[in-house]
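Asks: Dropping a structure here in structure tokens format, bear with me for questions.
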Amino acid sequence: VREAVVEDDEDGYGPEGCDIDHAVRDPHQVAGHGDLLRAKDLVFKPAVATELAFYETVNGGATKASWIGFLPSYGGCHERTIEKGQTRRFIALENLTAGYRHPCVMDVKLGTRQHLDDMSKEKIVESIAKCQRSTSASLSLRVCGMKVYKRDRHAYHFYGKQWGRALRPDQFQGAVREFLNPFVDSSQPAAAASDGTPASVVEKESVWSVPVQQRHALLAELAKFFVARLRALLDALEAEPPRYSFVSSSLLLVYDGDRSLVGPGRLHADMRMIDFGQTHPISPDRPFVDTNIRLGISNLISFFSQVTSA
């Protein structure tokens with residue numbers, strides 16, 4: 001299922017300035033409730049007090065957590081005037097797609113539980129139902145959004161949150177493979193978006209042909225990178241007692257759909273843990289909440305490993 005196909009018209013680099021006054025909407029955002037802003041090496045995320053406190057704490061302590069290297073680098077809190085003299089706070093974070101020509105992005109929500117006990121009863125019921133109706137309950141994983149650059153189309157394919165929620169557990173492997181595969185069979189038209197918008201298929205002749213064997217090798221190289229990165233994250237989380245309850249956090253996986261395919265050994269890819277708006281430190285008042293994120297990471301390792309062995 002492909003929600004939309006749009007012609008690529010982005011250079012992937014963003015404005016020259018790195019400050020928030022030069023920032024524009026990030027064209028590579030695939031999930032989330034508020035618009036991300038982008039300015040070259042930084043992205044600016046609307047600040048939520050809990051997430052801001054998390055970044056301040058984990059980056060300010062004398063003893064760093066073993067998993068801090070798997071977070072985007074933190075650039076502080078910034079303010080921007082939005083309208084009528086009103087200001088809004090933003091969290092500055094490392095732009096993981098900076099310098100990428102055609103970023104391919106996958107946002108995967110972790111956990112079999114994605115609510116806090118102090119939420120309203122209605123929100124708790126809604127969150128539990130959302131998990132039960134998706135792959136969150138069985139796999140501790142749910143695709144929140146994805147975009148893949150298709151060289152054969154000179155276009156992006158977008159996969160939204162409704163597509164991710166509709167995935168069955170036996171379809172998740174196919175979703176991972178689709179994320180890693182920047183090619184599409186041009187004889188197969190894209191499906192319409194879930195909101196009824198017709199998919200505009202870009203009918204352009206491919207200007208760059210890659211033999212099938214090389215495609216498989218490049219796909220396997222990408223999969224091996226993510227397997228190694230995910231295993232390292234899992235090892236880091238298991239290396240010390242929990243300090244935080246990660247509730248409704250995600251993994252952001254990215255690679256360059258252009259540069260990654262120039263040849264073996266020239267891989268441009270990354271994976272970080274993001275979204276800490278419901279994350280809280282463990283204390284006597286707020287005991288540890290096990291949301292099974294390690295199960296989700298383990299399952300994702302398995303899905304990527306199957307690509308490398310296919």
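So you can find residues: chains in the structure tokens are A, B, ... in the order shown, residues in each start at 1, and ligands are numbered from 1 in order.
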Mind listing the strand (DSSP E or B) residues of stretch 64-295 of chain A, per DSSP on the backbone, as an MDAnalysis selection string?

Replies: chainID A and resid 74:83 86:94 103:110 141:150 155:159 244:245 250:256 269:274 280:281

Asks: Compile the contact shell of stretch 46-56 of chain A as a list in words: residues with an atom at most 6 Å away, counting only C-alpha atoms, same-chain residues fewer than 5 positions apart removed.

Replies: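 Within the cut-off, the hits are Arg89, Phe90, Ile91, Phe276 and Gly277 of chain A.
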
Asks: When you count only C-alpha atoms, which of these residues is closest to A:Phe246: A:Thr112, A:Gln173, A:Gln213, A:Thr135?

Replies: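 Nearest candidate to A:Phe246 out of A:Thr112, A:Gln173, A:Gln213, A:Thr135: A:Thr112.
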
Asks: Considering only C-alpha atoms, can you say which of A:Pro287, A:Pro27, A:Gly296, A:Pro281 comes closest to A:His102?

Replies: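 Answer, going by the shortest atom-to-atom distance: A:Pro27.
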
Asks: Which residues are close to stretch 236-245 of chain A, i.e. within 9 Å by only C-alpha atoms, leaving aside same-chain residues fewer than 3 positions away? Reply as a ChimeraX atom specification.

Replies: /A:65-68,231-233,278-283,287-291,294

Asks: So that I can check the surroundings of A:Ala269, please list as a list of chain:residue names every protein, DNA and RNA residue that reaches within 8 Å of it, counting only C-alpha atoms and ignoring chain neighbours fewer than 3 positions away.

Replies: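 The neighbour list is A:Leu222, A:Phe225, A:Leu253, A:Val254, A:Tyr255, A:Asp256, A:Ser260.
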
Asks: Would you work out the distance separating atom CA of A:Glu221 from atom CA of A:Phe303, expressed in Å to one decimal?

Replies: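 Computing it gives 14.2 Å between the two atoms.
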
Asks: Taking 6 positions as the minimum chain separation for residues in the same chain, which residues sit within 10 Å of A:Ser298 when counting only C-alpha atoms? Answer as a PyMOL selection string.

Replies: chain A and resi 139-140+227+230-231+234

Asks: So that I have them on file, write out the residues from the current selection with C-alpha atoms, as a JSON list (two decimals), in the first residue's frame.

Replies:
```
[["chain", "number", "residue", "atom", "x", "y", "z"],
["A", 139, "LEU", "CA", 5.62, -6.57, 18.33],
["A", 140, "SER", "CA", 6.20, -3.54, 20.59],
["A", 227, "VAL", "CA", 21.24, -4.32, 12.70],
["A", 230, "LEU", "CA", 20.14, -1.47, 16.93],
["A", 231, "ARG", "CA", 22.22, -4.12, 18.71],
["A", 234, "LEU", "CA", 20.08, -2.62, 23.02]]
```

Asks: With only C-alpha atoms counted and 9 Å as the cut-off, give the residues of stretch 29-140 of chain A in contact with stretch 150-165 of chain A, each with its shortest interatomic distance in Å and the pair that gives it, as CSV.

Replies:
```
residue,atom,partner,partner_atom,distance
A:Val30,CA,A:Gly160,CA,7.2
A:Ala31,CA,A:Lys161,CA,7.3
A:His102,CA,A:Tyr156,CA,8.7
A:Cys104,CA,A:Tyr156,CA,8.6
A:Lys130,CA,A:Arg165,CA,8.1
A:Cys131,CA,A:Arg165,CA,8.8
A:Arg133,CA,A:Arg165,CA,7.4
A:Ser134,CA,A:Arg165,CA,5.1
A:Thr135,CA,A:Arg165,CA,7.2
A:Ser136,CA,A:Arg165,CA,8.8
```

Asks: For the residues in that selection, give me N, CA, C and O atoms as a compact mmCIF listing (two decimals), in the first residue's frame.

Replies:
```
# COMPACT_ATOMS: atom_id res chain seq x y z
N VAL A 30 8.12 12.91 9.03
CA VAL A 30 7.15 11.88 8.61
C VAL A 30 6.13 11.57 9.70
O VAL A 30 5.17 10.84 9.45
N ALA A 31 6.32 12.10 10.91
CA ALA A 31 5.39 11.81 12.00
C ALA A 31 5.49 12.94 13.02
O ALA A 31 6.32 13.84 12.92
N HIS A 102 18.66 12.88 -0.87
CA HIS A 102 17.29 12.33 -0.91
C HIS A 102 17.06 11.49 0.35
O HIS A 102 17.14 10.26 0.30
N CYS A 104 15.72 9.19 3.11
CA CYS A 104 14.68 8.19 3.32
C CYS A 104 14.54 8.04 4.84
O CYS A 104 15.54 7.88 5.54
N LYS A 130 -5.47 1.86 20.82
CA LYS A 130 -4.60 2.09 19.66
C LYS A 130 -3.50 1.02 19.59
O LYS A 130 -3.18 0.53 18.51
N CYS A 131 -2.95 0.68 20.75
CA CYS A 131 -1.93 -0.38 20.78
C CYS A 131 -2.51 -1.73 20.39
O CYS A 131 -1.89 -2.48 19.62
N ARG A 133 -5.02 -2.39 18.52
CA ARG A 133 -5.45 -2.46 17.12
C ARG A 133 -4.28 -2.44 16.14
O ARG A 133 -4.50 -2.51 14.93
N SER A 134 -3.07 -2.32 16.65
CA SER A 134 -1.90 -2.21 15.78
C SER A 134 -0.84 -3.23 16.17
O SER A 134 -1.07 -4.07 17.05
N THR A 135 0.31 -3.13 15.54
CA THR A 135 1.41 -4.05 15.84
C THR A 135 2.10 -3.71 17.16
O THR A 135 2.98 -4.46 17.60
N SER A 136 1.72 -2.62 17.81
CA SER A 136 2.33 -2.26 19.09
C SER A 136 2.12 -3.37 20.12
O SER A 136 3.05 -3.70 20.88
```

Asks: Apply DSSP to the backbone of this structure and, from stretch 74-279 of chain A, keep only the residues in alpha helix (DSSP H); write these as an MDAnalysis selection string.

Replies: chainID A and resid 121:132 136:139 161:166 172:180 212:238

Asks: Next, write the just-selected residues to a file, as an mmCIF file, in the first residue's frame, keeping C-alpha atoms as the atom set.

Replies:
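The new file selection_3.cif reads:
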```cif
data_model
loop_
_atom_site.group_PDB
_atom_site.id
_atom_site.type_symbol
_atom_site.label_atom_id
_atom_site.label_comp_id
_atom_site.auth_asym_id
_atom_site.auth_seq_id
_atom_site.Cartn_x
_atom_site.Cartn_y
_atom_site.Cartn_z
ATOM 1 C CA LYS A 121 -9.128 7.897 31.839
ATOM 2 C CA GLU A 122 -10.281 8.684 28.303
ATOM 3 C CA LYS A 123 -6.719 9.091 27.014
ATOM 4 C CA ILE A 124 -5.588 5.886 28.707
ATOM 5 C CA VAL A 125 -8.447 3.919 27.142
ATOM 6 C CA GLU A 126 -7.712 5.463 23.737
ATOM 7 C CA SER A 127 -3.994 4.678 23.994
ATOM 8 C CA ILE A 128 -4.591 1.066 25.015
ATOM 9 C CA ALA A 129 -7.056 0.583 22.165
ATOM 10 C CA LYS A 130 -4.595 2.091 19.664
ATOM 11 C CA CYS A 131 -1.927 -0.377 20.777
ATOM 12 C CA GLN A 132 -4.308 -3.326 20.652
ATOM 13 C CA SER A 136 2.326 -2.261 19.092
ATOM 14 C CA ALA A 137 0.612 -4.906 21.228
ATOM 15 C CA SER A 138 2.287 -7.920 19.595
ATOM 16 C CA LEU A 139 5.617 -6.572 18.330
ATOM 17 C CA LYS A 161 0.307 6.889 10.351
ATOM 18 C CA GLN A 162 -2.927 5.271 9.173
ATOM 19 C CA TRP A 163 -0.911 2.973 6.909
ATOM 20 C CA GLY A 164 1.316 2.106 9.861
ATOM 21 C CA ARG A 165 -1.619 1.414 12.171
ATOM 22 C CA ALA A 166 -3.203 -0.875 9.586
ATOM 23 C CA PHE A 172 5.960 -5.767 9.187
ATOM 24 C CA GLN A 173 8.818 -7.567 7.470
ATOM 25 C CA GLY A 174 7.571 -6.244 4.138
ATOM 26 C CA ALA A 175 7.428 -2.707 5.557
ATOM 27 C CA VAL A 176 11.079 -2.926 6.630
ATOM 28 C CA ARG A 177 12.099 -4.225 3.231
ATOM 29 C CA GLU A 178 10.150 -1.462 1.502
ATOM 30 C CA PHE A 179 11.951 1.153 3.602
ATOM 31 C CA LEU A 180 15.311 -0.249 2.524
ATOM 32 C CA VAL A 212 19.473 -6.609 -9.693
ATOM 33 C CA GLN A 213 22.453 -8.232 -7.992
ATOM 34 C CA GLN A 214 23.861 -4.841 -7.037
ATOM 35 C CA ARG A 215 20.478 -3.710 -5.747
ATOM 36 C CA HIS A 216 20.350 -6.722 -3.417
ATOM 37 C CA ALA A 217 23.903 -6.045 -2.205
ATOM 38 C CA LEU A 218 23.106 -2.408 -1.435
ATOM 39 C CA LEU A 219 19.895 -3.378 0.363
ATOM 40 C CA ALA A 220 21.808 -5.917 2.475
ATOM 41 C CA GLU A 221 24.476 -3.324 3.309
ATOM 42 C CA LEU A 222 21.832 -0.940 4.627
ATOM 43 C CA ALA A 223 20.179 -3.707 6.645
ATOM 44 C CA LYS A 224 23.499 -4.753 8.227
ATOM 45 C CA PHE A 225 24.171 -1.162 9.287
ATOM 46 C CA PHE A 226 20.812 -0.893 11.074
ATOM 47 C CA VAL A 227 21.237 -4.325 12.699
ATOM 48 C CA ALA A 228 24.591 -3.255 14.147
ATOM 49 C CA ARG A 229 23.215 0.083 15.307
ATOM 50 C CA LEU A 230 20.136 -1.474 16.932
ATOM 51 C CA ARG A 231 22.217 -4.117 18.709
ATOM 52 C CA ALA A 232 24.519 -1.429 20.067
ATOM 53 C CA LEU A 233 21.502 0.513 21.402
ATOM 54 C CA LEU A 234 20.079 -2.620 23.022
ATOM 55 C CA ASP A 235 23.432 -3.382 24.651
ATOM 56 C CA ALA A 236 23.628 0.188 25.973
ATOM 57 C CA LEU A 237 20.137 0.002 27.491
ATOM 58 C CA GLU A 238 20.954 -3.312 29.154
#
```

Asks: I'd like to know which of A:Asp275, A:Asp285, A:Asp258, A:Asp21 is closest to A:Lys45, using only C-alpha atoms.

Replies: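 Nearest to A:Lys45: A:Asp275.
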
Asks: Pick the closest to A:Gly75 from A:Leu251, A:Gly61, A:Leu93, A:His33: which is it, counting only C-alpha atoms?

Replies: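 Closest residue, counting only C-alpha atoms: A:Leu93.
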
Asks: List the spatial neighbours of A:Arg38 as a list in words - criterion: any atom at most 6 Å away, only C-alpha atoms, same-chain residues fewer than 5 positions off excluded.

Replies: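 With the cut-off at 6 Å, the set is Ala23, Val24, Arg25, Asp26 and Val43 of chain A.
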